[in-house]
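Written out below as structure tokens is the structure these notes cover.
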Amino acid sequence: MTRADTGTRGVTVRVPAKVNVQLAVGAARPDGFHDLANVFLAVGLYDEVTAAPADELTITCSGPDAAQVPLDRGNLAARAALALAERYGIEPAVHLHIAKDIPVAGGMAGGSADGAAALLACDALWSTGASREELLEICAELGSDVPFSLIGGAALGTGRGELLTPVATGGTFHWVFALADGGLSTPVVFGEFDRLTAGTDLPVPAAAPALLDALASGDPAALAKTLSNDLQAAALSLRPSLAATLAAGTGAGALGALVSGSGPTTAFLVPDESTARRVAAALTASGTCRTARTALSPAAGATVV
């Protein structure tokens, strides 16, 4: 393989976290995945990934929970760089630095976001000329949530979550996210979901029309009534303390609450900025979470900055 002529300038990409306002989960498939109806919203908590020329592929990370981020080739950012380099015959001689602000193992697709950001950063650094469709194809190979991290906004993910259809949103939604100590493994949560639903006839996952209407109207009260996550019972089974966090947030004035993805981050939909600040303060004071963050949605997907 030949090394691309990249010069010395790095490329930085900013990428958002996500919240699943609906996560409908079907039965396990023969390949071990589950069919999903996964309504994603990108939210304004961001990681930044910088790709710069180097003698070999290396990764560093800074920011909250950076010590929990693997710095080997199993990291999704590294896997993204390797996949793009292999496709275009480029030596993957790049240093990737992740400036992390999305919770690690928190159900907000932080690892997937880093994969999408690294892919876009390396694409720009190496001037591959890859089409959007090619980048999304590589994203889907990397993981179920990676394609959405690339496009952002709002979308319905079907299949295992990687097949995306844009969803209309009619306004800005205000969120509070309560961050828990430690993480939850997505495969473990799905395994607990399988245990809890064993012997039941699960319906084919489908997006709820009322939820899509609420997103399109921009009505937070209507959206709050339709929030749902089929993995929530499994996350609460593995981490019962999350119930107290959910209660603290709703008691402080949130319109609706749910576990974000596979958890353990919990998400609270609120009507406005002042309520967001009040709910975040109440959650932090409650002692049921490590800290609380406010954010707006929808947010743009991975973007070169």
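We label chains A, B, ... in the order they appear in the structure tokens, count residues from 1 in each chain, and number ligands from 1 in the order shown.
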Residues near Gly63 in chain A, cut-off 8 Å, only C-alpha atoms, skip fewer than 5 positions along chain, as number ranges by chain:
A: 99-101
Might you pull out every residue within 7 Å of range 138-146 of chain A, with only C-alpha atoms counted and same-chain residues fewer than 4 positions away left off, and present them as a PyMOL selection string?
chain A and resi 109+112-113+115-116+134+150+160-162
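In this structure, CA of Phe33 in chain A sits 26.7 Å away from CA of Ala210 in chain A.
Taking CA of Ala257 in chain A as the reference point, CA of Ala155 in chain A is found at 19.9 Å.
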DSSP strand (DSSP E or B) residues within range 9-224 of chain A, as a PyMOL selection string:
chain A and resi 11-28+34-53+58-62+90+94-99+152+154-158+163-166+173-179
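Interatomic distance, CA of Ser297 in chain A against CA of Gly44 in chain A: 6.3 Å.
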Counting only C-alpha atoms, the option among A:Ala67, A:Val15, A:Val39, A:Ala54 closest to Gly182 in chain A
A:Ala67
Which residues are close to Pro264 in chain A, i.e. within 7 Å by only C-alpha atoms, leaving aside same-chain residues fewer than 4 positions away? Reply as an NGL selection string.
:A and (106-107 or 180 or 183-184 or 235 or 259)
